[in-house]
$ cat my_file-v2.cif   # mmCIF, C-alpha atoms
data_my_file
#
loop_
_atom_site.label_atom_id
_atom_site.label_comp_id
_atom_site.auth_asym_id
_atom_site.auth_seq_id
_atom_site.Cartn_x
_atom_site.Cartn_y
_atom_site.Cartn_z
CA MET A 1 45.19 -32.11 -107.44
CA LEU A 2 42.47 -34.73 -107.19
CA HIS A 3 43.61 -38.03 -105.81
CA ILE A 4 41.39 -41.09 -106.12
CA ASN A 5 41.94 -44.51 -104.61
CA VAL A 6 38.71 -46.48 -104.66
CA HIS A 7 37.75 -50.06 -103.90
CA LYS A 8 34.19 -51.11 -104.48
CA LYS A 9 32.60 -54.50 -104.99
CA LEU A 10 30.22 -54.40 -107.96
CA SER A 11 27.89 -57.19 -109.06
CA HIS A 12 30.27 -58.83 -111.57
CA PHE A 13 33.73 -57.66 -110.56
CA LYS A 14 35.64 -55.58 -108.07
CA LEU A 15 36.45 -51.98 -108.89
CA GLU A 16 40.02 -51.14 -107.84
CA VAL A 17 41.55 -47.94 -109.15
CA ASN A 18 44.21 -45.56 -107.91
CA PHE A 19 45.07 -42.39 -109.82
CA SER A 20 45.65 -38.66 -109.56
CA VAL A 21 44.41 -35.82 -111.71
CA GLY A 22 46.19 -32.48 -111.87
CA ASN A 23 44.79 -29.42 -113.64
CA GLU A 24 44.26 -31.39 -116.82
CA ILE A 25 41.70 -33.50 -118.64
CA VAL A 26 41.95 -37.18 -117.80
CA ILE A 27 39.87 -39.58 -119.85
CA LEU A 28 38.33 -42.73 -118.42
CA PHE A 29 38.06 -44.93 -121.46
CA GLY A 30 36.37 -48.31 -121.61
CA ALA A 31 33.34 -50.36 -122.57
CA SER A 32 29.90 -49.92 -121.00
CA GLY A 33 29.69 -51.47 -117.57
CA SER A 34 33.43 -51.35 -116.90
CA GLY A 35 33.00 -49.13 -113.84
CA LYS A 36 33.65 -45.67 -115.31
CA THR A 37 30.50 -43.99 -114.08
CA THR A 38 30.87 -45.69 -110.69
CA ILE A 39 34.22 -43.94 -110.27
CA LEU A 40 32.62 -40.57 -111.01
CA ASN A 41 29.79 -41.33 -108.58
CA CYS A 42 32.29 -42.21 -105.85
CA VAL A 43 34.17 -38.95 -106.42
CA ALA A 44 30.92 -36.95 -106.36
CA GLY A 45 29.85 -38.75 -103.19
CA LEU A 46 26.72 -40.27 -104.75
CA ILE A 47 28.07 -43.78 -104.06
CA LYS A 48 30.14 -44.79 -101.06
CA PRO A 49 33.24 -46.88 -101.82
CA ASP A 50 33.98 -49.96 -99.70
CA ALA A 51 37.48 -48.70 -98.95
CA GLY A 52 40.09 -46.25 -100.20
CA GLU A 53 40.69 -42.54 -100.10
CA ILE A 54 39.66 -39.50 -102.10
CA THR A 55 41.29 -36.10 -101.63
CA LEU A 56 40.83 -32.82 -103.46
CA GLN A 57 43.40 -30.02 -103.08
CA GLY A 58 44.58 -31.70 -99.89
CA ARG A 59 41.07 -31.88 -98.43
CA THR A 60 39.89 -35.39 -97.55
CA LEU A 61 36.54 -36.17 -99.18
CA TYR A 62 36.52 -39.82 -98.26
CA ASP A 63 38.56 -42.24 -96.21
CA THR A 64 37.92 -44.87 -93.55
CA PHE A 65 36.81 -42.25 -91.04
CA VAL A 66 35.43 -39.40 -93.13
CA THR A 67 32.71 -39.20 -95.76
CA VAL A 68 32.02 -35.65 -96.90
CA PRO A 69 28.41 -35.45 -98.17
CA THR A 70 27.87 -34.58 -101.85
CA PRO A 71 26.69 -30.96 -101.35
CA LYS A 72 29.87 -30.11 -99.44
CA ARG A 73 32.35 -31.57 -101.95
CA ASN A 74 32.29 -28.70 -104.41
CA ILE A 75 32.69 -30.92 -107.44
CA GLY A 76 30.80 -30.18 -110.64
CA TYR A 77 29.12 -33.12 -112.33
CA LEU A 78 27.75 -33.23 -115.84
CA PHE A 79 25.39 -36.19 -116.15
CA GLN A 80 25.12 -38.17 -119.35
CA ASP A 81 21.52 -37.07 -119.93
CA TYR A 82 22.37 -33.60 -118.51
CA ALA A 83 19.65 -33.85 -115.83
CA LEU A 84 18.44 -30.30 -116.45
CA PHE A 85 15.55 -29.36 -114.17
CA PRO A 86 12.56 -29.50 -116.52
CA HIS A 87 10.42 -27.14 -114.44
CA MET A 88 12.97 -24.32 -114.37
CA THR A 89 14.06 -21.96 -117.11
CA VAL A 90 17.62 -22.10 -118.42
CA PHE A 91 18.58 -19.17 -116.22
CA LYS A 92 17.05 -20.71 -113.10
CA ASN A 93 18.85 -23.98 -113.83
CA ILE A 94 22.18 -22.19 -113.98
CA ARG A 95 21.34 -19.94 -111.04
CA TYR A 96 20.41 -22.95 -108.86
CA GLY A 97 23.87 -23.59 -107.48
CA ALA A 98 25.57 -20.41 -108.71
CA LYS A 99 27.70 -18.34 -106.38
CA SER A 100 26.16 -15.18 -107.83
CA ASP A 101 23.82 -13.80 -110.49
CA VAL A 102 26.78 -12.14 -112.14
CA LEU A 103 28.66 -15.40 -112.53
CA ALA A 104 25.57 -17.16 -113.92
CA LYS A 105 25.08 -14.44 -116.51
CA GLN A 106 28.75 -14.35 -117.39
CA LEU A 107 28.82 -18.11 -117.97
CA MET A 108 25.75 -17.91 -120.15
CA LYS A 109 27.44 -15.29 -122.27
CA GLU A 110 30.66 -17.28 -122.41
CA LEU A 111 28.85 -20.38 -123.61
CA ALA A 112 26.61 -18.42 -125.99
CA ILE A 113 23.35 -19.43 -124.36
CA ASP A 114 22.29 -16.05 -122.95
CA HIS A 115 19.48 -15.78 -125.52
CA LEU A 116 17.90 -18.95 -124.07
CA SER A 117 17.61 -17.49 -120.59
CA GLU A 118 13.81 -17.75 -120.30
CA GLN A 119 13.40 -21.02 -122.22
CA TYR A 120 12.51 -24.34 -120.61
CA PRO A 121 14.96 -27.21 -121.25
CA LEU A 122 12.38 -29.13 -123.26
CA TYR A 123 12.45 -26.52 -126.00
CA ILE A 124 16.18 -26.25 -126.62
CA SER A 125 18.44 -28.41 -128.80
CA GLY A 126 20.82 -31.15 -127.64
CA GLY A 127 23.89 -28.97 -128.07
CA GLU A 128 22.26 -26.15 -126.15
CA LYS A 129 21.27 -28.51 -123.35
CA GLN A 130 24.84 -29.68 -123.10
CA ARG A 131 26.10 -26.09 -122.80
CA VAL A 132 23.45 -25.24 -120.22
CA ALA A 133 24.47 -28.26 -118.16
CA LEU A 134 28.12 -27.24 -118.43
CA ALA A 135 27.33 -23.67 -117.40
CA ARG A 136 25.26 -24.99 -114.50
CA ALA A 137 28.09 -27.20 -113.28
CA LEU A 138 30.65 -24.38 -113.56
CA ALA A 139 28.38 -21.84 -111.88
CA THR A 140 29.10 -23.42 -108.49
CA GLU A 141 32.79 -22.59 -109.02
CA PRO A 142 33.76 -26.23 -108.58
CA GLU A 143 37.26 -27.33 -107.64
CA ALA A 144 36.98 -30.28 -110.03
CA LEU A 145 34.67 -31.29 -112.85
CA LEU A 146 33.27 -34.71 -113.74
CA LEU A 147 31.87 -35.30 -117.23
CA ASP A 148 29.94 -38.48 -117.99
CA GLU A 149 29.87 -38.95 -121.77
CA PRO A 150 28.96 -35.31 -122.25
CA PHE A 151 29.02 -35.42 -126.05
CA SER A 152 27.37 -38.75 -126.80
CA ALA A 153 23.95 -37.26 -127.57
CA LEU A 154 25.23 -34.62 -130.00
CA ASP A 155 25.46 -34.63 -133.78
CA GLU A 156 28.90 -34.53 -135.35
CA ALA A 157 29.17 -30.81 -136.10
CA THR A 158 27.95 -29.81 -132.64
CA ARG A 159 30.29 -32.33 -131.06
CA ALA A 160 33.36 -30.87 -132.78
CA ASN A 161 32.43 -27.39 -131.52
CA SER A 162 31.84 -28.70 -128.04
CA HIS A 163 35.27 -30.34 -128.02
CA GLU A 164 36.96 -27.02 -128.81
CA GLU A 165 34.89 -25.36 -126.13
CA LEU A 166 35.87 -27.88 -123.47
CA ILE A 167 39.57 -27.43 -124.24
CA ARG A 168 39.12 -23.67 -124.02
CA LEU A 169 37.20 -23.90 -120.74
CA GLN A 170 39.78 -26.21 -119.21
CA LYS A 171 42.50 -23.64 -119.90
CA LEU A 172 40.32 -20.88 -118.50
CA TRP A 173 39.23 -22.66 -115.33
CA ASP A 174 42.39 -24.68 -114.77
CA ILE A 175 40.85 -27.39 -112.57
CA PRO A 176 41.06 -31.21 -112.64
CA ILE A 177 38.57 -32.64 -115.15
CA ILE A 178 37.69 -36.32 -115.42
CA MET A 179 35.75 -37.30 -118.50
CA VAL A 180 34.15 -40.64 -119.30
CA THR A 181 33.85 -41.64 -122.94
CA HIS A 182 33.91 -44.68 -125.16
CA SER A 183 34.87 -42.83 -128.31
CA THR A 184 38.55 -43.35 -129.21
CA GLU A 185 38.66 -40.21 -131.32
CA GLU A 186 37.23 -38.10 -128.52
CA ALA A 187 39.62 -39.57 -125.97
CA LYS A 188 42.65 -38.81 -128.16
CA LYS A 189 41.49 -35.32 -129.04
CA LEU A 190 40.62 -34.13 -125.54
CA GLY A 191 42.63 -36.14 -123.08
CA ASN A 192 45.91 -35.00 -121.58
CA ARG A 193 45.99 -38.57 -120.36
CA ILE A 194 43.85 -41.60 -121.16
CA LEU A 195 43.18 -44.31 -118.60
CA HIS A 196 41.89 -47.55 -120.10
CA ILE A 197 39.57 -49.39 -117.79
CA GLU A 198 38.36 -52.96 -118.07
CA LYS A 199 36.23 -54.75 -115.50
CA GLY A 200 37.15 -52.30 -112.78
CA HIS A 201 40.92 -52.16 -113.36
CA PHE A 202 43.22 -49.92 -115.39
CA ILE A 203 45.02 -51.94 -118.03
CA THR A 204 47.50 -49.49 -119.59
CA GLU A 205 48.13 -45.81 -119.28
CA MET B 1 -36.87 -28.90 -97.04
CA GLU B 2 -36.72 -25.38 -95.69
CA ASN B 3 -35.79 -26.43 -92.20
CA MET B 4 -33.20 -28.80 -93.46
CA ASN B 5 -30.42 -29.53 -91.02
CA LEU B 6 -27.21 -28.75 -92.85
CA SER B 7 -24.89 -29.97 -90.12
CA PRO B 8 -23.89 -33.13 -92.09
CA LEU B 9 -22.49 -30.89 -94.82
CA TRP B 10 -20.25 -28.88 -92.48
CA LEU B 11 -19.26 -31.94 -90.47
CA SER B 12 -18.34 -33.88 -93.60
CA PHE B 13 -16.45 -30.95 -95.02
CA GLN B 14 -14.52 -30.20 -91.85
CA THR B 15 -13.58 -33.82 -91.26
CA ALA B 16 -12.62 -34.47 -94.87
CA ALA B 17 -10.55 -31.28 -95.03
CA LEU B 18 -8.65 -31.98 -91.81
CA ALA B 19 -8.18 -35.65 -92.68
CA THR B 20 -6.85 -34.61 -96.11
CA VAL B 21 -4.28 -32.26 -94.58
CA ILE B 22 -3.06 -34.92 -92.14
CA VAL B 23 -3.03 -37.70 -94.73
CA PHE B 24 -1.29 -35.48 -97.29
CA ILE B 25 1.57 -34.57 -94.96
CA ALA B 26 1.99 -38.12 -93.63
CA GLY B 27 1.59 -39.74 -97.05
CA VAL B 28 4.03 -37.43 -98.83
CA PHE B 29 6.62 -37.75 -96.07
CA LEU B 30 6.42 -41.56 -95.83
CA ALA B 31 6.31 -42.05 -99.59
CA ARG B 32 9.37 -39.86 -100.11
CA VAL B 33 11.35 -41.62 -97.39
CA ILE B 34 10.32 -45.15 -98.33
CA THR B 35 10.02 -45.10 -102.13
CA ARG B 36 13.63 -44.47 -103.12
CA ASN B 37 15.19 -46.49 -100.30
CA THR B 38 15.55 -50.21 -99.85
CA PHE B 39 15.46 -51.84 -96.44
CA PRO B 40 14.34 -55.18 -95.03
CA GLY B 41 10.60 -55.38 -94.46
CA LYS B 42 9.83 -52.64 -97.01
CA SER B 43 7.23 -54.66 -98.93
CA ILE B 44 5.53 -55.75 -95.71
CA LEU B 45 5.34 -52.15 -94.50
CA GLU B 46 3.91 -50.99 -97.83
CA ALA B 47 1.39 -53.85 -97.78
CA ILE B 48 0.20 -52.71 -94.34
CA PHE B 49 -0.15 -49.13 -95.61
CA LEU B 50 -2.30 -50.27 -98.53
CA LEU B 51 -4.38 -52.78 -96.59
CA PRO B 52 -7.35 -50.47 -95.83
CA LEU B 53 -7.77 -50.10 -99.60
CA VAL B 54 -8.61 -53.76 -100.13
CA LEU B 55 -10.36 -54.60 -96.86
CA PRO B 56 -14.08 -54.09 -96.43
CA PRO B 57 -14.68 -50.86 -94.46
CA THR B 58 -16.43 -52.91 -91.78
CA VAL B 59 -13.20 -54.81 -91.18
CA VAL B 60 -11.29 -51.53 -90.90
CA GLY B 61 -13.99 -50.29 -88.51
CA PHE B 62 -13.74 -53.47 -86.48
CA GLY B 63 -9.96 -53.10 -86.26
CA LEU B 64 -10.23 -49.46 -85.21
CA LEU B 65 -12.87 -50.35 -82.64
CA PHE B 66 -10.50 -52.95 -81.27
CA ILE B 67 -7.62 -50.45 -81.03
CA PHE B 68 -9.52 -47.36 -79.85
CA GLY B 69 -12.32 -49.07 -77.91
CA LYS B 70 -12.71 -48.73 -74.14
CA ASN B 71 -10.53 -51.79 -73.57
CA GLY B 72 -8.36 -51.37 -76.66
CA PRO B 73 -4.64 -50.66 -76.23
CA LEU B 74 -4.82 -47.05 -77.47
CA GLY B 75 -8.29 -46.50 -76.05
CA ILE B 76 -7.06 -47.27 -72.51
CA LEU B 77 -4.01 -45.00 -72.84
CA LEU B 78 -6.00 -42.07 -74.26
CA SER B 79 -8.66 -42.21 -71.57
CA LYS B 80 -6.12 -42.67 -68.77
CA TRP B 81 -3.66 -39.96 -69.81
CA PHE B 82 -5.79 -37.42 -71.60
CA ASP B 83 -9.28 -38.36 -70.48
CA VAL B 84 -10.22 -38.57 -74.14
CA GLN B 85 -12.76 -40.98 -75.53
CA ILE B 86 -12.61 -41.79 -79.22
CA VAL B 87 -15.54 -44.08 -79.93
CA PHE B 88 -18.85 -42.31 -80.71
CA THR B 89 -17.19 -38.89 -80.97
CA TRP B 90 -16.07 -36.58 -83.73
CA TYR B 91 -12.51 -37.94 -83.31
CA ALA B 92 -13.78 -41.32 -84.44
CA VAL B 93 -15.14 -39.77 -87.65
CA LEU B 94 -11.76 -38.15 -88.27
CA ILE B 95 -9.74 -41.30 -87.54
CA ALA B 96 -11.92 -43.45 -89.78
CA ALA B 97 -11.53 -40.94 -92.61
CA ILE B 98 -7.76 -40.78 -92.16
CA VAL B 99 -7.29 -44.54 -92.15
CA VAL B 100 -9.39 -45.31 -95.21
CA ALA B 101 -8.01 -42.38 -97.23
CA PHE B 102 -4.33 -42.85 -96.40
CA PRO B 103 -3.61 -45.69 -98.88
CA LEU B 104 -4.81 -43.57 -101.80
CA MET B 105 -2.48 -40.73 -100.88
CA TYR B 106 0.44 -43.04 -100.18
CA GLN B 107 0.01 -44.84 -103.49
CA SER B 108 -0.29 -41.63 -105.51
CA ALA B 109 2.69 -40.03 -103.75
CA SER B 110 4.80 -43.14 -104.13
CA ALA B 111 4.13 -43.23 -107.87
CA ALA B 112 4.69 -39.47 -108.15
CA PHE B 113 8.12 -39.68 -106.53
CA GLN B 114 9.19 -42.46 -108.89
CA GLN B 115 8.02 -40.70 -112.01
CA TYR B 116 10.86 -38.25 -112.51
CA ASP B 117 14.54 -38.98 -113.14
CA ALA B 118 16.43 -39.61 -109.88
CA ASN B 119 19.50 -37.91 -111.43
CA LEU B 120 17.71 -34.55 -111.08
CA GLU B 121 17.97 -34.77 -107.31
CA LYS B 122 21.55 -36.01 -107.51
CA ALA B 123 22.46 -33.11 -109.80
CA ALA B 124 21.00 -30.69 -107.25
CA TYR B 125 23.10 -32.27 -104.48
CA THR B 126 26.28 -31.85 -106.54
CA MET B 127 25.40 -28.16 -106.79
CA GLY B 128 25.57 -27.82 -103.03
CA ALA B 129 21.84 -27.97 -102.23
CA SER B 130 20.73 -29.34 -98.85
CA LYS B 131 18.23 -32.21 -98.55
CA TRP B 132 15.54 -29.77 -97.51
CA ARG B 133 16.21 -27.49 -100.48
CA VAL B 134 16.27 -30.41 -102.92
CA PHE B 135 12.94 -31.59 -101.60
CA TRP B 136 11.19 -28.23 -101.93
CA THR B 137 12.76 -27.09 -105.20
CA ILE B 138 13.11 -30.39 -107.11
CA SER B 139 11.25 -33.38 -105.66
CA PHE B 140 8.05 -31.67 -104.56
CA PRO B 141 7.40 -29.56 -107.68
CA LEU B 142 8.19 -32.47 -110.01
CA ALA B 143 5.92 -34.81 -108.07
CA TRP B 144 3.21 -32.18 -107.63
CA PRO B 145 0.84 -33.29 -110.46
CA GLY B 146 0.74 -36.80 -108.95
CA LEU B 147 0.48 -35.44 -105.43
CA LEU B 148 -2.44 -33.24 -106.40
CA GLY B 149 -4.21 -36.25 -107.89
CA GLY B 150 -3.71 -38.07 -104.60
CA LEU B 151 -4.94 -35.04 -102.70
CA VAL B 152 -8.22 -34.93 -104.61
CA LEU B 153 -8.75 -38.69 -104.27
CA THR B 154 -8.00 -38.47 -100.55
CA PHE B 155 -10.53 -35.70 -100.04
CA ALA B 156 -13.18 -37.56 -102.04
CA ARG B 157 -12.56 -40.79 -100.16
CA ALA B 158 -12.62 -39.06 -96.77
CA LEU B 159 -15.84 -37.30 -97.72
CA GLY B 160 -17.47 -40.55 -98.79
CA GLU B 161 -16.37 -42.74 -95.90
CA PHE B 162 -19.28 -44.76 -94.45
CA GLY B 163 -18.57 -48.26 -93.12
CA ALA B 164 -15.70 -47.67 -90.76
CA THR B 165 -17.25 -44.40 -89.60
CA LEU B 166 -20.51 -46.12 -88.70
CA MET B 167 -18.69 -48.81 -86.72
CA LEU B 168 -16.36 -46.47 -84.84
CA ALA B 169 -18.43 -43.30 -84.53
CA GLY B 170 -22.01 -44.52 -84.75
CA TYR B 171 -24.82 -42.22 -85.88
CA ILE B 172 -25.21 -39.34 -83.47
CA PRO B 173 -27.04 -36.42 -85.10
CA GLY B 174 -25.06 -33.22 -84.83
CA VAL B 175 -21.91 -35.07 -83.73
CA THR B 176 -21.07 -37.89 -86.12
CA ASP B 177 -23.68 -37.61 -88.87
CA THR B 178 -21.63 -37.14 -92.02
CA ILE B 179 -23.39 -36.96 -95.40
CA PRO B 180 -23.06 -40.70 -96.19
CA LEU B 181 -24.47 -41.58 -92.77
CA ALA B 182 -27.25 -39.04 -93.16
CA ILE B 183 -28.19 -40.64 -96.50
CA TYR B 184 -28.31 -44.12 -95.02
CA PHE B 185 -30.43 -43.15 -92.03
CA ALA B 186 -32.71 -40.93 -94.11
CA VAL B 187 -33.47 -43.91 -96.34
CA GLU B 188 -33.90 -46.15 -93.28
CA SER B 189 -36.51 -43.81 -91.86
CA GLY B 190 -38.26 -43.40 -95.20
CA ASN B 191 -37.23 -39.78 -95.72
CA THR B 192 -36.48 -40.11 -99.44
CA GLU B 193 -36.53 -36.38 -100.00
CA MET B 194 -33.69 -35.77 -97.59
CA ALA B 195 -31.72 -38.74 -98.89
CA THR B 196 -32.06 -37.43 -102.45
CA PHE B 197 -30.85 -34.00 -101.39
CA TRP B 198 -27.66 -35.39 -99.86
CA VAL B 199 -27.08 -37.76 -102.77
CA ILE B 200 -27.23 -34.85 -105.20
CA ILE B 201 -24.80 -32.84 -103.05
CA ILE B 202 -22.23 -35.61 -102.81
CA VAL B 203 -22.45 -36.59 -106.49
CA ALA B 204 -22.00 -32.95 -107.48
CA LEU B 205 -18.98 -32.61 -105.19
CA GLY B 206 -17.30 -35.77 -106.46
CA PHE B 207 -18.05 -34.99 -110.09
CA SER B 208 -16.68 -31.46 -109.95
CA ALA B 209 -13.56 -32.57 -108.10
CA ILE B 210 -12.69 -35.08 -110.83
CA LEU B 211 -13.59 -32.66 -113.59
CA TRP B 212 -11.43 -29.93 -112.10
CA LEU B 213 -8.49 -32.30 -111.60
CA ASN B 214 -8.60 -33.46 -115.21
CA TRP B 215 -8.81 -29.92 -116.48
CA TRP B 216 -5.99 -28.77 -114.23
CA SER B 217 -3.59 -31.56 -115.08
CA LYS B 218 -4.18 -31.18 -118.82
CA ARG B 219 -3.46 -27.48 -118.60
CA ASN B 220 -0.43 -27.70 -116.33
CA MET B 221 1.30 -30.80 -117.62
CA MET B 222 1.65 -29.17 -121.03
CA ARG B 223 4.21 -26.68 -119.89
CA TYR B 224 7.22 -28.91 -119.48
CA SER B 225 6.33 -32.53 -120.00
CA GLN B 226 5.16 -32.41 -123.58
CA ARG B 227 5.43 -30.14 -126.52
CA PRO B 228 2.39 -28.04 -127.34
CA LYS B 229 0.40 -29.38 -130.24
#
$ encode --input "my_file-v2.cif" --output "structure tokens"
Amino acid sequence: MLHINVHKKLSHFKLEVNFSVGNEIVILFGASGSGKTTILNCVAGLIKPDAGEITLQGRTLYDTFVTVPTPKRNIGYLFQDYALFPHMTVFKNIRYGAKSDVLAKQLMKELAIDHLSEQYPLYISGGEKQRVALARALATEPEALLLDEPFSALDEATRANSHEELIRLQKLWDIPIIMVTHSTEEAKKLGNRILHIEKGHFITE
Amino acid sequence: MENMNLSPLWLSFQTAALATVIVFIAGVFLARVITRNTFPGKSILEAIFLLPLVLPPTVVGFGLLFIFGKNGPLGILLSKWFDVQIVFTWYAVLIAAIVVAFPLMYQSASAAFQQYDANLEKAAYTMGASKWRVFWTISFPLAWPGLLGGLVLTFARALGEFGATLMLAGYIPGVTDTIPLAIYFAVESGNTEMATFWVIIIVALGFSAILWLNWWSKRNMMRYSQRPK
């Protein structure tokens, strides 16, 4: 269980959200600039909230007295542009935070990217990049996964495949997943729950 | 020409090499710490770092003379505590080279650390990497082409330093006579042959450094920053 209660003053409004995520996919749905990515950054520890509390499996990641640094949170994060290390091969990218070589290789097989092992990210397609980034995030054996518009850069056919894959992976890994999107169709297809966010607040559930 | 004193070559080389190492470490460290952070007084601090780049070398020399001179604040401390004199010694040559070359390294490093996507470092943190590991495996390699450019410029600038060196170190043959000083005093004393020799040496050094840098960056940047043509 991932519990998030975050208050943060942003330039145009105040972000105030309070929600929990079980072993399911929860969608943060809203327009650009509504605070979705800020929530993910707070959970990952890349931004410090002004107040609130974040706990993961009972472990406090943030409250008034404690701020666990990002590397110690054990939360996987898939950035919108994937942020693959351009100077490392696909395998080295996945191996970077992996618990073991075996796990890295297994994930590459699972996501059908094992043939790209020695390629540099520049030379692989958008869909492949997305799968590499996903494998890389999972290789750390995270206790939760954050996805920031992971499918926005993909063409339609690739996107549909990726959707299926995410549903399959969620069942396999069985961890809390928070995904940011502004596609209605994607939200409905993937989300166990959809949280609509507007100017830093949830409007309906 | 046969009995040519080659000491300016070794002196210049030694000083420039040591100055480059010091400036590289300091410049990379400060640029990495300062570039991606915001704090009050940041622009003033950066302006101070870059000042030697725009000031005439004589002004830099004057400032250094004021600081390291017999009655200067650092000069007094160094002679009292360590019995070390800076002015008119090899240390003066080194300090002058460091101060005039530093802005070039700082500027190159600062640009190099802003060139790549900041999310790459963040991604590495989310994968459990320590600050140290992120620096050596992500920041440093991605900034390396820019850092190398700064390194070459730093070395060239340190090698060519004249004005501040003359003011702080003077011209003492065998002690502070770097190539640029040797050229100046050779011309002064009418020894055109010797001046020409040193001019050719320093032009050749500078030219090959730039040539090599261009060749290297073209070859190495291809690998992951652009598709091969």
$ interface_residues --input "my_file-v2.cif" --of "chain A" --to "chain B" --cutoff "10 Å" --atoms "all atoms listed in the file" --output "MDAnalysis selection string"
chainID A and resid 41 44:46 69:88 93:94 96:98 120:123 133 136:142
$ write_last_selection --input "my_file-v2.cif" --atoms "C-alpha atoms" --output "mmCIF file, in the frame of the given file"
data_model
loop_
_atom_site.group_PDB
_atom_site.id
_atom_site.type_symbol
_atom_site.label_atom_id
_atom_site.label_comp_id
_atom_site.auth_asym_id
_atom_site.auth_seq_id
_atom_site.Cartn_x
_atom_site.Cartn_y
_atom_site.Cartn_z
ATOM 1 C CA ASN A 41 29.790 -41.330 -108.580
ATOM 2 C CA ALA A 44 30.920 -36.950 -106.360
ATOM 3 C CA GLY A 45 29.850 -38.750 -103.190
ATOM 4 C CA LEU A 46 26.720 -40.270 -104.750
ATOM 5 C CA PRO A 69 28.410 -35.450 -98.170
ATOM 6 C CA THR A 70 27.870 -34.580 -101.850
ATOM 7 C CA PRO A 71 26.690 -30.960 -101.350
ATOM 8 C CA LYS A 72 29.870 -30.110 -99.440
ATOM 9 C CA ARG A 73 32.350 -31.570 -101.950
ATOM 10 C CA ASN A 74 32.290 -28.700 -104.410
ATOM 11 C CA ILE A 75 32.690 -30.920 -107.440
ATOM 12 C CA GLY A 76 30.800 -30.180 -110.640
ATOM 13 C CA TYR A 77 29.120 -33.120 -112.330
ATOM 14 C CA LEU A 78 27.750 -33.230 -115.840
ATOM 15 C CA PHE A 79 25.390 -36.190 -116.150
ATOM 16 C CA GLN A 80 25.120 -38.170 -119.350
ATOM 17 C CA ASP A 81 21.520 -37.070 -119.930
ATOM 18 C CA TYR A 82 22.370 -33.600 -118.510
ATOM 19 C CA ALA A 83 19.650 -33.850 -115.830
ATOM 20 C CA LEU A 84 18.440 -30.300 -116.450
ATOM 21 C CA PHE A 85 15.550 -29.360 -114.170
ATOM 22 C CA PRO A 86 12.560 -29.500 -116.520
ATOM 23 C CA HIS A 87 10.420 -27.140 -114.440
ATOM 24 C CA MET A 88 12.970 -24.320 -114.370
ATOM 25 C CA ASN A 93 18.850 -23.980 -113.830
ATOM 26 C CA ILE A 94 22.180 -22.190 -113.980
ATOM 27 C CA TYR A 96 20.410 -22.950 -108.860
ATOM 28 C CA GLY A 97 23.870 -23.590 -107.480
ATOM 29 C CA ALA A 98 25.570 -20.410 -108.710
ATOM 30 C CA TYR A 120 12.510 -24.340 -120.610
ATOM 31 C CA PRO A 121 14.960 -27.210 -121.250
ATOM 32 C CA LEU A 122 12.380 -29.130 -123.260
ATOM 33 C CA TYR A 123 12.450 -26.520 -126.000
ATOM 34 C CA ALA A 133 24.470 -28.260 -118.160
ATOM 35 C CA ARG A 136 25.260 -24.990 -114.500
ATOM 36 C CA ALA A 137 28.090 -27.200 -113.280
ATOM 37 C CA LEU A 138 30.650 -24.380 -113.560
ATOM 38 C CA ALA A 139 28.380 -21.840 -111.880
ATOM 39 C CA THR A 140 29.100 -23.420 -108.490
ATOM 40 C CA GLU A 141 32.790 -22.590 -109.020
ATOM 41 C CA PRO A 142 33.760 -26.230 -108.580
#
$ resolve_selection --input "my_file-v2.cif" --expression "the PyMOL selection byres ((chain A and resi 111-117) around 9)" --output "PDB file with C-alpha atoms, in the coordinates of the input"
ATOM      1  CA  THR A  89      14.060 -21.960-117.110  1.00  0.00           C
ATOM      2  CA  VAL A  90      17.620 -22.100-118.420  1.00  0.00           C
ATOM      3  CA  PHE A  91      18.580 -19.170-116.220  1.00  0.00           C
ATOM      4  CA  LYS A  92      17.050 -20.710-113.100  1.00  0.00           C
ATOM      5  CA  LYS A 105      25.080 -14.440-116.510  1.00  0.00           C
ATOM      6  CA  GLN A 106      28.750 -14.350-117.390  1.00  0.00           C
ATOM      7  CA  LEU A 107      28.820 -18.110-117.970  1.00  0.00           C
ATOM      8  CA  MET A 108      25.750 -17.910-120.150  1.00  0.00           C
ATOM      9  CA  LYS A 109      27.440 -15.290-122.270  1.00  0.00           C
ATOM     10  CA  GLU A 110      30.660 -17.280-122.410  1.00  0.00           C
ATOM     11  CA  GLU A 118      13.810 -17.750-120.300  1.00  0.00           C
ATOM     12  CA  GLN A 119      13.400 -21.020-122.220  1.00  0.00           C
ATOM     13  CA  TYR A 120      12.510 -24.340-120.610  1.00  0.00           C
ATOM     14  CA  ILE A 124      16.180 -26.250-126.620  1.00  0.00           C
ATOM     15  CA  GLU A 128      22.260 -26.150-126.150  1.00  0.00           C
ATOM     16  CA  ARG A 131      26.100 -26.090-122.800  1.00  0.00           C
ATOM     17  CA  VAL A 132      23.450 -25.240-120.220  1.00  0.00           C
ATOM     18  CA  LEU A 134      28.120 -27.240-118.430  1.00  0.00           C
ATOM     19  CA  ALA A 135      27.330 -23.670-117.400  1.00  0.00           C
ATOM     20  CA  GLU A 165      34.890 -25.360-126.130  1.00  0.00           C
TER      21      GLU A 165
END
$ atom_distance --input "my_file-v2.cif" --atom1 "CA of Pro49 (chain A)" --atom2 "CA of Gly200 (chain A)"
12.8 Å
$ resolve_selection --input "my_file-v2.cif" --expression "the PyMOL selection byres ((chain B and resi 170) around 12)" --output "JSON, numbers by chain"
{"B": [61, 65, 86, 87, 88, 89, 90, 91, 92, 93, 96, 162, 163, 164, 165, 166, 167, 168, 169, 171, 172, 173, 174, 175, 176, 177, 178, 181, 182, 185]}
